[in-house]
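Novice: For reference, this is model-v2.txt, and it has compact mmCIF, C-alpha atoms.
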# COMPACT_ATOMS: atom_id res chain seq x y z
CA MET Y 1 0.00 0.00 0.00
CA SER Y 2 1.14 3.53 -0.71
CA GLY Y 3 0.10 7.13 -0.19
CA ALA Y 4 -2.41 7.73 2.59
CA MET Y 5 -2.66 3.97 3.24
CA SER Y 6 1.09 3.29 3.64
CA TRP Y 7 2.38 1.83 6.91
CA PRO Y 8 3.86 5.08 8.38
CA PHE Y 9 0.46 6.73 8.03
CA LEU Y 10 -1.43 3.67 9.29
CA ARG Y 11 0.70 3.79 12.45
CA LEU Y 12 -0.32 7.40 13.01
CA TYR Y 13 -3.97 6.51 12.45
CA LEU Y 14 -3.71 3.76 15.08
CA LEU Y 15 -2.30 6.29 17.54
CA VAL Y 16 -5.29 8.53 16.78
CA LEU Y 17 -7.62 5.60 17.50
CA LEU Y 18 -6.00 4.95 20.87
CA TYR Y 19 -5.88 8.61 21.83
CA PHE Y 20 -9.58 9.27 21.19
CA SER Y 21 -10.84 5.98 22.65
CA ALA Y 22 -11.23 7.54 26.11
CA ASN Y 23 -13.60 10.21 24.80
CA ALA Y 24 -15.96 7.59 23.37
CA ILE Y 25 -16.47 6.41 26.96
CA LEU Y 26 -16.36 9.82 28.63
CA ASN Y 27 -19.01 11.27 26.29
CA VAL Y 28 -21.52 8.87 27.82
CA ILE Y 29 -20.24 8.48 31.39
CA ILE Y 30 -19.91 12.21 32.23
CA PRO Y 31 -23.52 13.17 31.36
CA LEU Y 32 -24.88 10.08 33.14
CA GLN Y 33 -22.72 10.67 36.21
CA GLY Y 34 -23.63 14.36 36.21
CA GLY Y 35 -27.33 13.53 36.01
CA ALA Y 36 -26.99 11.01 38.84
CA LEU Y 37 -25.32 13.68 40.99
CA GLY Y 38 -28.17 16.13 40.33
CA ALA Y 39 -26.37 18.42 37.88
CA THR Y 40 -28.48 20.45 35.44
CA ASN Y 41 -28.11 20.24 31.67
CA THR Y 42 -26.40 23.63 31.82
CA THR Y 43 -23.74 22.34 34.23
CA ILE Y 44 -23.22 19.15 32.24
CA GLY Y 45 -22.92 21.21 29.05
CA LEU Y 46 -20.27 23.44 30.65
CA ILE Y 47 -18.19 20.46 31.78
CA MET Y 48 -18.42 18.75 28.41
CA GLY Y 49 -17.83 21.99 26.52
CA ALA Y 50 -14.73 22.86 28.55
CA TYR Y 51 -12.77 20.20 26.65
CA LEU Y 52 -13.02 21.63 23.17
CA PHE Y 53 -13.29 25.24 24.33
CA THR Y 54 -9.81 24.83 25.82
CA THR Y 55 -8.66 23.07 22.65
CA MET Y 56 -9.94 26.00 20.59
CA PHE Y 57 -8.03 28.50 22.74
CA PHE Y 58 -4.69 26.72 22.35
CA ARG Y 59 -4.87 25.72 18.67
CA PRO Y 60 -3.50 28.99 17.22
CA TRP Y 61 -0.30 28.47 19.23
CA ALA Y 62 0.00 24.74 18.61
CA GLY Y 63 1.33 25.01 15.07
CA GLN Y 64 4.07 27.44 16.07
CA ILE Y 65 5.23 25.46 19.09
CA ILE Y 66 5.24 22.20 17.14
CA GLN Y 67 7.24 23.87 14.36
CA LYS Y 68 9.78 25.18 16.88
CA HIS Y 69 10.30 22.12 19.08
CA GLY Y 70 9.37 19.25 16.74
CA PRO Y 71 6.27 17.05 16.75
CA VAL Y 72 7.83 14.07 18.55
CA LYS Y 73 8.96 16.04 21.62
CA VAL Y 74 5.61 17.81 21.86
CA LEU Y 75 3.72 14.54 21.35
CA ARG Y 76 5.48 12.86 24.26
CA ILE Y 77 4.74 15.75 26.60
CA ILE Y 78 1.06 16.01 25.70
CA LEU Y 79 0.55 12.26 26.09
CA ILE Y 80 1.77 12.61 29.67
CA ILE Y 81 -0.68 15.48 30.23
CA ASN Y 82 -3.49 13.44 28.67
CA GLY Y 83 -2.64 10.44 30.84
CA PHE Y 84 -2.77 12.59 33.97
CA ALA Y 85 -6.18 13.93 32.91
CA LEU Y 86 -7.60 10.43 32.39
CA ILE Y 87 -6.38 9.31 35.82
CA LEU Y 88 -7.87 12.46 37.36
CA TYR Y 89 -11.34 11.31 36.27
CA THR Y 90 -10.97 8.23 38.46
CA ILE Y 91 -10.23 10.06 41.73
CA THR Y 92 -12.44 13.19 41.60
CA GLY Y 93 -16.03 14.36 41.21
CA LEU Y 94 -17.65 16.91 38.91
CA GLY Y 95 -15.18 19.66 39.88
CA GLY Y 96 -12.28 17.42 38.98
CA TYR Y 97 -14.02 16.46 35.74
CA LEU Y 98 -13.93 20.11 34.69
CA ILE Y 99 -10.17 20.34 35.30
CA ALA Y 100 -9.59 17.02 33.55
CA ARG Y 101 -11.60 18.16 30.51
CA MET Y 102 -9.47 21.30 30.27
CA LEU Y 103 -6.23 19.30 30.50
CA GLN Y 104 -7.52 17.01 27.76
CA GLY Y 105 -8.32 20.09 25.71
CA VAL Y 106 -4.75 21.38 25.93
CA SER Y 107 -3.24 18.07 24.85
CA THR Y 108 -5.74 17.55 22.03
CA ALA Y 109 -4.95 20.99 20.57
CA PHE Y 110 -1.32 19.96 20.03
CA PHE Y 111 -1.97 16.30 19.23
CA SER Y 112 -4.45 16.85 16.42
CA MET Y 113 -2.59 19.82 14.92
CA ALA Y 114 0.68 17.89 14.78
CA LEU Y 115 -0.88 14.91 13.02
CA GLN Y 116 -3.14 16.81 10.61
CA ILE Y 117 -0.49 19.30 9.50
CA GLY Y 118 1.97 16.42 9.12
CA ILE Y 119 -0.49 14.54 6.90
CA ILE Y 120 -1.17 17.61 4.75
CA ASP Y 121 2.54 18.35 4.29
CA ALA Y 122 3.59 14.76 3.60
CA LEU Y 123 0.95 13.66 1.10
CA PRO Y 124 0.68 14.74 -2.56
CA GLU Y 125 -2.28 16.97 -3.40
CA LYS Y 126 -4.31 14.16 -5.00
CA ASP Y 127 -4.13 12.09 -1.77
CA ARG Y 128 -4.60 14.96 0.68
CA SER Y 129 -8.35 14.58 1.16
CA GLN Y 130 -7.95 10.82 1.70
CA GLY Y 131 -5.34 11.36 4.42
CA ILE Y 132 -7.47 13.89 6.28
CA SER Y 133 -10.55 11.70 5.90
CA LEU Y 134 -8.70 8.64 7.25
CA TYR Y 135 -7.40 10.65 10.21
CA SER Y 136 -10.98 11.66 10.99
CA LEU Y 137 -12.18 8.10 10.41
CA PHE Y 138 -9.81 6.61 12.98
CA SER Y 139 -10.77 9.27 15.50
CA TYR Y 140 -14.37 8.02 15.24
CA ILE Y 141 -13.79 4.27 15.21
CA PRO Y 142 -13.78 4.18 19.07
CA GLY Y 143 -17.31 5.57 18.92
CA ILE Y 144 -18.57 2.28 17.50
CA ILE Y 145 -18.11 0.26 20.68
CA GLY Y 146 -17.33 3.03 23.17
CA PRO Y 147 -20.93 4.04 23.96
CA LEU Y 148 -22.04 0.46 24.61
CA LEU Y 149 -18.90 -0.16 26.67
CA ALA Y 150 -19.65 2.99 28.65
CA LEU Y 151 -23.20 1.89 29.38
CA GLY Y 152 -21.86 -1.50 30.49
CA ILE Y 153 -19.37 0.24 32.81
CA TRP Y 154 -22.14 2.47 34.17
CA GLN Y 155 -24.35 -0.48 34.99
CA ALA Y 156 -21.52 -2.61 36.42
CA GLY Y 157 -19.98 0.06 38.64
CA MET Y 158 -17.59 3.00 38.43
CA GLU Y 159 -14.64 0.89 39.61
CA TYR Y 160 -14.51 -0.51 36.07
CA PHE Y 161 -14.44 3.06 34.79
CA ALA Y 162 -11.20 3.62 36.72
CA VAL Y 163 -9.63 0.49 35.24
CA ALA Y 164 -10.60 1.56 31.71
CA MET Y 165 -9.22 5.11 32.04
CA ILE Y 166 -5.91 4.02 33.61
CA GLY Y 167 -5.48 1.28 31.00
CA ILE Y 168 -6.11 3.68 28.09
CA ALA Y 169 -3.73 6.26 29.59
CA ILE Y 170 -0.87 3.75 29.92
CA PHE Y 171 -1.37 2.00 26.58
CA THR Y 172 -1.69 5.25 24.61
CA GLY Y 173 1.38 6.72 26.31
CA VAL Y 174 3.55 3.68 25.57
CA PHE Y 175 2.41 3.42 21.95
CA GLY Y 176 2.73 7.18 21.38
CA TYR Y 177 6.19 7.39 22.96
CA SER Y 178 7.57 5.10 20.26
CA ALA Y 179 5.86 6.95 17.40
CA LYS Y 180 8.11 8.57 14.79
CA MET Y 181 7.43 11.39 12.36
CA ASP Y 182 10.62 11.46 10.37
CA ASN Y 183 9.20 13.45 7.49
CA ALA Y 184 7.82 16.11 9.80
CA GLU Y 185 11.09 16.46 11.70
CA GLU Y 186 13.10 16.91 8.51
CA GLN Y 187 11.04 19.88 7.37
CA PRO Y 188 12.68 23.24 7.97
CA ALA Y 189 10.90 25.87 9.97
CA THR Y 190 8.74 28.17 7.93
CA LYS Y 191 9.45 31.85 7.66
CA ASN Y 192 6.44 32.63 9.81
CA ALA Y 193 7.62 30.30 12.55
CA GLU Y 194 11.06 31.86 12.51
CA GLN Y 195 9.60 35.34 12.82
CA GLY Y 196 7.22 34.29 15.61
CA VAL Y 197 3.95 35.53 14.15
CA ASN Y 198 1.51 36.62 16.83
CA PRO Y 199 -1.54 34.37 16.56
CA PHE Y 200 -3.82 37.24 17.57
CA HIS Y 201 -2.92 39.02 14.33
CA SER Y 202 -4.37 36.12 12.36
CA PHE Y 203 -7.80 36.23 14.02
CA SER Y 204 -8.85 39.05 11.70
CA GLN Y 205 -8.44 36.64 8.78
CA LEU Y 206 -11.53 34.77 10.00
CA VAL Y 207 -13.48 37.72 8.57
CA LYS Y 208 -11.09 39.18 5.99
CA ASN Y 209 -10.37 35.93 4.14
CA PRO Y 210 -13.64 34.95 2.35
CA HIS Y 211 -12.64 31.30 2.00
CA LEU Y 212 -11.77 30.97 5.68
CA PHE Y 213 -14.90 32.87 6.71
CA LYS Y 214 -17.29 30.66 4.71
CA CYS Y 215 -15.67 27.40 5.87
CA SER Y 216 -15.47 28.56 9.49
CA VAL Y 217 -19.16 29.51 9.67
CA LEU Y 218 -20.21 26.19 8.12
CA MET Y 219 -17.93 24.25 10.48
CA LEU Y 220 -19.08 26.24 13.52
CA VAL Y 221 -22.78 25.63 12.94
CA GLY Y 222 -22.28 21.99 11.93
CA SER Y 223 -20.24 21.40 15.08
CA ILE Y 224 -22.94 22.96 17.26
CA VAL Y 225 -25.30 20.26 16.02
CA PHE Y 226 -22.68 17.53 16.53
CA GLY Y 227 -21.95 18.82 20.03
CA ALA Y 228 -25.62 18.88 21.02
CA ILE Y 229 -25.95 15.29 19.82
CA THR Y 230 -22.86 14.04 21.66
CA VAL Y 231 -23.58 15.75 24.98
CA PHE Y 232 -27.33 15.26 25.39
CA ILE Y 233 -28.27 12.05 23.57
CA PRO Y 234 -27.42 9.92 26.67
CA LEU Y 235 -29.91 11.99 28.70
CA TYR Y 236 -32.47 12.49 25.90
CA ALA Y 237 -32.66 8.75 25.21
CA GLU Y 238 -33.70 8.08 28.82
CA HIS Y 239 -36.90 10.09 28.16
CA LEU Y 240 -37.80 8.14 25.03
CA GLU Y 241 -39.87 4.97 25.10
CA ASN Y 242 -37.64 3.03 22.70
CA GLY Y 243 -34.51 5.18 22.86
CA ASN Y 244 -31.10 3.68 23.57
CA ALA Y 245 -28.14 6.06 23.69
CA GLY Y 246 -25.60 3.29 23.20
CA ILE Y 247 -27.25 2.00 20.04
CA TYR Y 248 -27.75 5.53 18.71
CA LEU Y 249 -24.13 6.63 19.23
CA MET Y 250 -22.81 3.31 17.95
CA LEU Y 251 -24.98 3.55 14.83
CA MET Y 252 -23.83 7.12 14.19
CA ALA Y 253 -20.17 6.16 14.67
CA ILE Y 254 -20.51 3.15 12.34
CA THR Y 255 -22.06 5.45 9.72
CA VAL Y 256 -19.22 7.96 10.08
CA VAL Y 257 -16.57 5.25 9.75
CA ILE Y 258 -18.17 3.53 6.74
CA SER Y 259 -18.92 6.85 5.02
CA ARG Y 260 -15.44 8.23 5.54
CA PHE Y 261 -13.84 5.09 4.15
CA THR Y 262 -16.18 4.49 1.22
CA LEU Y 263 -16.67 8.15 0.26
CA ARG Y 264 -13.11 9.37 0.86
CA LYS Y 265 -12.32 9.40 -2.88
CA ASN Y 266 -15.49 11.39 -3.60
CA ILE Y 267 -14.49 14.27 -1.34
CA PRO Y 268 -13.32 17.13 -3.61
CA SER Y 269 -9.55 17.52 -3.62
CA ASP Y 270 -9.09 20.09 -6.39
CA GLY Y 271 -9.15 23.38 -4.49
CA LYS Y 272 -12.53 24.38 -5.96
CA TRP Y 273 -15.74 25.22 -4.11
CA HIS Y 274 -18.48 22.68 -4.88
CA SER Y 275 -21.74 24.34 -3.84
CA ASN Y 276 -24.04 21.43 -4.62
CA PHE Y 277 -21.88 19.02 -2.63
CA MET Y 278 -21.90 21.23 0.48
CA MET Y 279 -25.58 22.14 0.18
CA GLY Y 280 -26.48 18.45 -0.02
CA THR Y 281 -24.32 17.68 3.00
CA MET Y 282 -25.96 20.41 5.10
CA LEU Y 283 -29.38 19.15 3.99
CA LEU Y 284 -28.51 15.72 5.40
CA LEU Y 285 -27.52 17.40 8.68
CA ALA Y 286 -30.80 19.33 8.86
CA LEU Y 287 -32.90 16.24 8.14
CA GLY Y 288 -30.94 14.25 10.71
CA ALA Y 289 -31.45 16.81 13.48
CA GLN Y 290 -35.17 17.01 12.68
CA CYS Y 291 -35.51 13.23 12.85
CA VAL Y 292 -33.81 13.22 16.25
CA SER Y 293 -36.19 15.91 17.49
CA TYR Y 294 -39.16 13.64 16.75
CA GLY Y 295 -37.73 11.07 19.18
CA VAL Y 296 -40.08 8.41 17.82
CA GLY Y 297 -39.00 4.88 16.95
CA ILE Y 298 -37.25 4.58 13.61
CA PHE Y 299 -36.93 8.36 13.13
CA PHE Y 300 -34.58 8.58 16.10
CA TYR Y 301 -32.14 6.10 14.57
CA VAL Y 302 -32.54 7.38 11.00
CA GLY Y 303 -31.33 10.69 12.44
CA ALA Y 304 -28.16 8.94 13.62
CA VAL Y 305 -27.42 7.71 10.09
CA LEU Y 306 -28.09 11.05 8.41
CA ILE Y 307 -26.03 13.00 10.93
CA GLY Y 308 -23.26 10.40 10.66
CA ILE Y 309 -23.01 10.84 6.88
CA ALA Y 310 -22.96 14.63 7.24
CA GLN Y 311 -20.31 14.45 9.94
CA ALA Y 312 -18.20 12.17 7.75
CA LEU Y 313 -18.18 14.71 4.91
CA ILE Y 314 -18.20 18.23 6.36
CA TYR Y 315 -14.86 18.34 8.17
CA PRO Y 316 -12.56 16.65 5.60
CA THR Y 317 -14.21 18.53 2.72
CA LEU Y 318 -13.71 21.96 4.27
CA THR Y 319 -10.23 21.19 5.59
CA THR Y 320 -9.07 19.90 2.20
CA TYR Y 321 -10.50 22.95 0.41
CA LEU Y 322 -8.72 25.33 2.78
CA SER Y 323 -5.42 23.47 2.40
CA PHE Y 324 -5.49 24.58 -1.26
CA VAL Y 325 -6.79 28.15 -1.05
CA LEU Y 326 -5.09 29.52 2.09
CA PRO Y 327 -1.75 31.37 1.71
CA LYS Y 328 1.07 28.87 2.18
CA MET Y 329 3.07 31.14 4.48
CA SER Y 330 0.24 31.33 7.02
CA ARG Y 331 -1.60 28.11 6.17
CA ASN Y 332 -0.80 26.24 9.38
CA MET Y 333 -1.87 29.15 11.57
CA LEU Y 334 -5.10 29.73 9.64
CA LEU Y 335 -5.93 26.01 9.57
CA GLY Y 336 -5.50 26.09 13.34
CA LEU Y 337 -8.07 28.89 13.54
CA PHE Y 338 -10.48 26.94 11.33
CA ILE Y 339 -10.15 23.79 13.44
CA ALA Y 340 -10.64 26.00 16.49
CA MET Y 341 -14.05 26.97 15.06
CA ALA Y 342 -14.94 23.27 14.97
CA ASP Y 343 -13.91 22.99 18.63
CA LEU Y 344 -15.90 26.10 19.54
CA GLY Y 345 -18.98 24.74 17.81
CA VAL Y 346 -18.92 21.44 19.71
CA SER Y 347 -18.45 23.37 22.96
CA LEU Y 348 -21.38 25.66 22.15
CA GLY Y 349 -23.45 22.59 21.37
CA GLY Y 350 -23.23 21.79 25.08
CA VAL Y 351 -22.94 25.25 26.65
CA VAL Y 352 -25.67 27.02 24.63
CA MET Y 353 -28.00 24.13 23.90
CA GLY Y 354 -27.97 22.95 27.53
CA PRO Y 355 -29.91 25.98 28.83
CA ILE Y 356 -32.31 25.70 25.87
CA ALA Y 357 -33.01 22.09 26.83
CA ASP Y 358 -33.53 23.18 30.46
CA ILE Y 359 -35.96 25.97 29.50
CA PHE Y 360 -37.88 24.14 26.77
CA SER Y 361 -37.14 20.49 25.99
CA TYR Y 362 -34.63 18.25 24.24
CA SER Y 363 -36.97 18.00 21.26
CA THR Y 364 -37.19 21.77 20.86
CA MET Y 365 -33.43 22.07 21.19
CA TYR Y 366 -32.86 19.60 18.33
CA GLN Y 367 -35.45 21.42 16.21
CA ILE Y 368 -33.40 24.59 16.65
CA CYS Y 369 -30.34 22.61 15.51
CA ALA Y 370 -32.26 21.61 12.36
CA ILE Y 371 -33.16 25.25 11.66
CA LEU Y 372 -29.50 26.28 11.98
CA ALA Y 373 -28.52 23.55 9.50
CA VAL Y 374 -31.17 24.73 7.02
CA ALA Y 375 -29.71 28.23 7.18
CA MET Y 376 -26.32 26.74 6.24
CA ILE Y 377 -27.79 25.17 3.10
CA PHE Y 378 -28.34 28.68 1.74
CA PHE Y 379 -25.03 29.91 3.13
CA SER Y 380 -23.21 27.15 1.22
CA TYR Y 381 -24.42 28.42 -2.14
CA GLU Y 382 -21.94 30.34 -4.25
CA ARG Y 383 -22.93 31.85 -7.58
CA ARG Y 384 -19.48 31.42 -9.11
CA ASN Y 385 -19.56 27.65 -8.84
CA ASP Y 386 -16.30 26.03 -9.94
CA GLN Y 387 -17.67 22.53 -10.33
Please express the file's structure as C-alpha cells.
Specialist:
Amino acid sequence: MSGAMSWPFLRLYLLVLLYFSANAILNVIIPLQGGALGATNTTIGLIMGAYLFTTMFFRPWAGQIIQKHGPVKVLRIILIINGFALILYTITGLGGYLIARMLQGVSTAFFSMALQIGIIDALPEKDRSQGISLYSLFSYIPGIIGPLLALGIWQAGMEYFAVAMIGIAIFTGVFGYSAKMDNAEEQPATKNAEQGVNPFHSFSQLVKNPHLFKCSVLMLVGSIVFGAITVFIPLYAEHLENGNAGIYLMLMAITVVISRFTLRKNIPSDGKWHSNFMMGTMLLLALGAQCVSYGVGIFFYVGAVLIGIAQALIYPTLTTYLSFVLPKMSRNMLLGLFIAMADLGVSLGGVVMGPIADIFSYSTMYQICAILAVAMIFFSYERRNDQ
C-alpha cells in the first residue's frame, strides 16, 4: 500500500484511535454521572464543553510550538498530560471532571494539529483529502463500541471506569512514545515560525479571508449540532420509550466510519468550491437533526445515520478545500483557527444548547439545531460555482 494507506500513516492513524478511545467512553459516562449527581443540563454542558473550548483557545499556538520544538517532543509531553487527565477522572467528582476536561483540551490541541499538519505536508495533493478523511475516520472508530462499553461500565460500577481510564492512559502513552514522524522532523521551519507571528494578528483573517470565513461559519454551525448530539443524547434517550443512547451513538459512529472510508475518494480535492456538494451535506444534517427531534422509533435512529453521513463529509471537505486556497506562508496558523471553530462549535453545542433544553425540551433544542442547519444550506451556495 502507498500514499495515505502506507504503513507510516497507518501507524499514526492507530495512535489517533488509541488517543480518542477515552472520549468515546467519557461522552456517555460524564452526562450520566452528572445527572446522577443532580447536575443540570447547563452544568453538564459546561463540563463537556470545557474540553473543546480549551482546545480551541490553544490551537493557534499549537502550530508554532510544534514547528519550533518538533512534533515528537511535543507529542510525548502532551501524552503525559493526557494520561494525567484520564487518571484524574478516576479520583475526583464533577469539579475534577472540569479540570480534567481542560487538560484534555490542551493536549488535544497539540496532538491533532501535529498529526493533521503532518499529513497535509507529507501527502501529494491528490491524496490529501484521503489522508485527512482517514485521520478523521480513525478518531471516530472508538465511537462504535465506546458508547455500549460505557453503558456497560455504568451499569456494572464506576470501579470498572477507573480500570478503563488508567489502561487507556498507559497504553496510549507507551504506543505514542515510540511513534516517529521522520518526514515532519526533517522539514525546515517556515518563515512565519522563525519570525514568531503573533496568533492574535491572524484572528482578523476569519473575517477578511472569504474562503476561511465561509468554511469557518459552516464548520461552527455543523459542530454545534454535533456537540448537542454528543452531549445530550445519553440523557435524551432516557426520556424516550424506545430510545437507547448506546445503540444511537454506535450507529452514528458506524455510519461515520463507513462513510469516511467508502466516500473518501469522492471528497473534492481540487481546491474548488463545490456548492451542490456542500448544500447536499448540510441538507442531510438538517434532516438528521429534525428526525432526532421527533424522538419516535425509527426516526430517532434514521437521524443517527443522516447526521453520521454529514459528519463524515463536512470536516474533511472543508479542511481539504482550505489546504489549497489559504496562503502557504500562514496556512498552518489559519488552519489552526479553522479547526478552532470546529472545537468552539462542539463546545457551544453543550454550553448554549444545555440551557435551551432546560428551559424548553430536548426535542425543541434539536429542532433549533435543524433550523441552523437549514440556514447553512443557503449559506453554502456560491454563484461562481467552480464545479
Novice: So that I can see what lies close to segment 364-378 of chain Y, please list as an mmCIF file with C-alpha atoms, in the coordinates of the input the residues with an atom at most 8 Å from it, counting only C-alpha atoms and leaving out residues fewer than 3 positions away in the same chain.
Specialist:
data_model
loop_
_atom_site.group_PDB
_atom_site.id
_atom_site.type_symbol
_atom_site.label_atom_id
_atom_site.label_comp_id
_atom_site.auth_asym_id
_atom_site.auth_seq_id
_atom_site.Cartn_x
_atom_site.Cartn_y
_atom_site.Cartn_z
ATOM 1 C CA LEU Y 218 -20.210 26.190 8.120
ATOM 2 C CA VAL Y 221 -22.780 25.630 12.940
ATOM 3 C CA GLY Y 222 -22.280 21.990 11.930
ATOM 4 C CA ILE Y 224 -22.940 22.960 17.260
ATOM 5 C CA VAL Y 225 -25.300 20.260 16.020
ATOM 6 C CA ALA Y 228 -25.620 18.880 21.020
ATOM 7 C CA MET Y 278 -21.900 21.230 0.480
ATOM 8 C CA MET Y 279 -25.580 22.140 0.180
ATOM 9 C CA GLY Y 280 -26.480 18.450 -0.020
ATOM 10 C CA MET Y 282 -25.960 20.410 5.100
ATOM 11 C CA LEU Y 283 -29.380 19.150 3.990
ATOM 12 C CA LEU Y 285 -27.520 17.400 8.680
ATOM 13 C CA ALA Y 286 -30.800 19.330 8.860
ATOM 14 C CA LEU Y 287 -32.900 16.240 8.140
ATOM 15 C CA GLY Y 288 -30.940 14.250 10.710
ATOM 16 C CA ALA Y 289 -31.450 16.810 13.480
ATOM 17 C CA GLN Y 290 -35.170 17.010 12.680
ATOM 18 C CA VAL Y 292 -33.810 13.220 16.250
ATOM 19 C CA SER Y 293 -36.190 15.910 17.490
ATOM 20 C CA MET Y 353 -28.000 24.130 23.900
ATOM 21 C CA ILE Y 356 -32.310 25.700 25.870
ATOM 22 C CA ALA Y 357 -33.010 22.090 26.830
ATOM 23 C CA PHE Y 360 -37.880 24.140 26.770
ATOM 24 C CA SER Y 361 -37.140 20.490 25.990
ATOM 25 C CA TYR Y 381 -24.420 28.420 -2.140
#
Novice: Would you please work out which residue, of Y:Ala4, Y:Ile267, Y:Leu115, Y:Ile81, is nearest to Thr317 of chain Y when using all atoms listed in the file?
Specialist: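 Closest residue, counting all atoms listed in the file: Y:Ile267.
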Novice: Show me, as a count of residues only, the residues that have an atom within 6 Å of Met102 of chain Y when counting only C-alpha atoms, minus same-chain residues fewer than 6 positions from it.
Specialist: 3
Novice: With distances taken over all atoms listed in the file, which residue among Y:Met333, Y:Ile166, Y:Leu240, Y:Val346 lies nearest Val296 of chain Y?
Specialist: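 The closest residue to Val296 of chain Y is Y:Leu240.
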Novice: When you look at Pro31 of chain Y with a cut-off of 10 Å (counting all atoms listed in the file), what residues show up, excluding the ones that are within fewer than 5 positions of it in the same chain? I need them as a list of chain:residue names.
Specialist: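 Contacts, with the query itself left out: Y:Leu26, Y:Ala36, Y:Leu37, Y:Ala39, Y:Thr40, Y:Asn41, Y:Thr43, Y:Ile44, Y:Gly45, Y:Ile47, Y:Met48, Y:Thr230, Y:Val231, Y:Phe232, Y:Ile233, Y:Pro234, Y:Leu235.
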Novice: Here is a test: counting all atoms listed in the file, which residue of Y:Leu94, Y:Ile168, Y:Ile29, Y:Ile254 is nearest to Ile153 of chain Y?
Specialist: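 Answer, going by the shortest atom-to-atom distance: Y:Ile29.
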Novice: Considering all atoms listed in the file, state which residue in the set Y:Leu318, Y:Ile170, Y:Val28, Y:Ile132 is at the smallest distance from Ile87 of chain Y.
Specialist: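 When distances to Ile87 of chain Y are compared using all atoms listed in the file, the smallest one comes from Y:Ile170.
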Novice: Identify the residues around (-29.4, 3.7, 24.3) within a radius of 9 Å, measuring from only C-alpha atoms in the coordinates stated by the file, and give them as a list in words.
Specialist: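 Residues with an atom at most 9 Å from (-29.4, 3.7, 24.3): Pro147, Leu148, Leu151, Ile233, Pro234, Ala237, Glu238, Asn242, Gly243, Asn244, Ala245, Gly246, Ile247, Tyr248 and Leu249 of chain Y.
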Novice: Just to confirm, what's the straight-line distance from atom CA of Phe58 of chain Y to atom CA of Phe138 of chain Y in Å (one decimal)?
Specialist: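 Going from atom CA of Phe58 of chain Y over to atom CA of Phe138 of chain Y covers 22.8 Å.
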Novice: Residues near Ser259 of chain Y, anyone? I mean within 8 Å using all atoms listed in the file, not counting same-chain ones fewer than 3 positions away, as a list in words.
Specialist: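 Returned residues: Thr255, Val256, Thr262, Leu263, Arg264, Gly308, Ile309, Ala312 and Leu313 of chain Y.
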Novice: Atom CA of Leu134 of chain Y and atom CA of Asp270 of chain Y, how far apart in Å?
Specialist: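 About the pair atom CA of Asp270 of chain Y and atom CA of Leu134 of chain Y: they are 17.8 Å apart.
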Novice: Check the smallest atom-to-atom distance from each of Y:Gly349, Y:Pro327, Y:Gly143, Y:Gly49 to Ile25 of chain Y using all atoms listed in the file, then report the winner.
Specialist: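 Distance minimum relative to Ile25 of chain Y lands on Y:Gly143.
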Novice: Measuring between only C-alpha atoms, which one of Y:Leu149, Y:Leu98, Y:Leu206, Y:Ile359 shows the shortest distance to Ala24 of chain Y?
Specialist: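 Of Y:Leu149, Y:Leu98, Y:Leu206, Y:Ile359, the one nearest Ala24 of chain Y is Y:Leu149, counting only C-alpha atoms.
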Novice: Rounded to one decimal, what separation in Å do you get between atom CA of Gly173 of chain Y and atom CA of Ile80 of chain Y?
Specialist: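 A separation of 6.8 Å between them.
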Novice: Which neighbours of Pro316 of chain Y fall inside 10 Å, counting only C-alpha atoms, when residues of the same chain fewer than 6 positions from it are skipped, and could you give them as a list in words?
Specialist: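 Counting only C-alpha atoms, the residues come to Arg128, Ser129, Gln130, Gly131, Ile132, Ser133, Leu134, Tyr135, Ser136, Leu137, Arg260, Arg264, Ile267, Pro268, Ser269 and Leu322 of chain Y.
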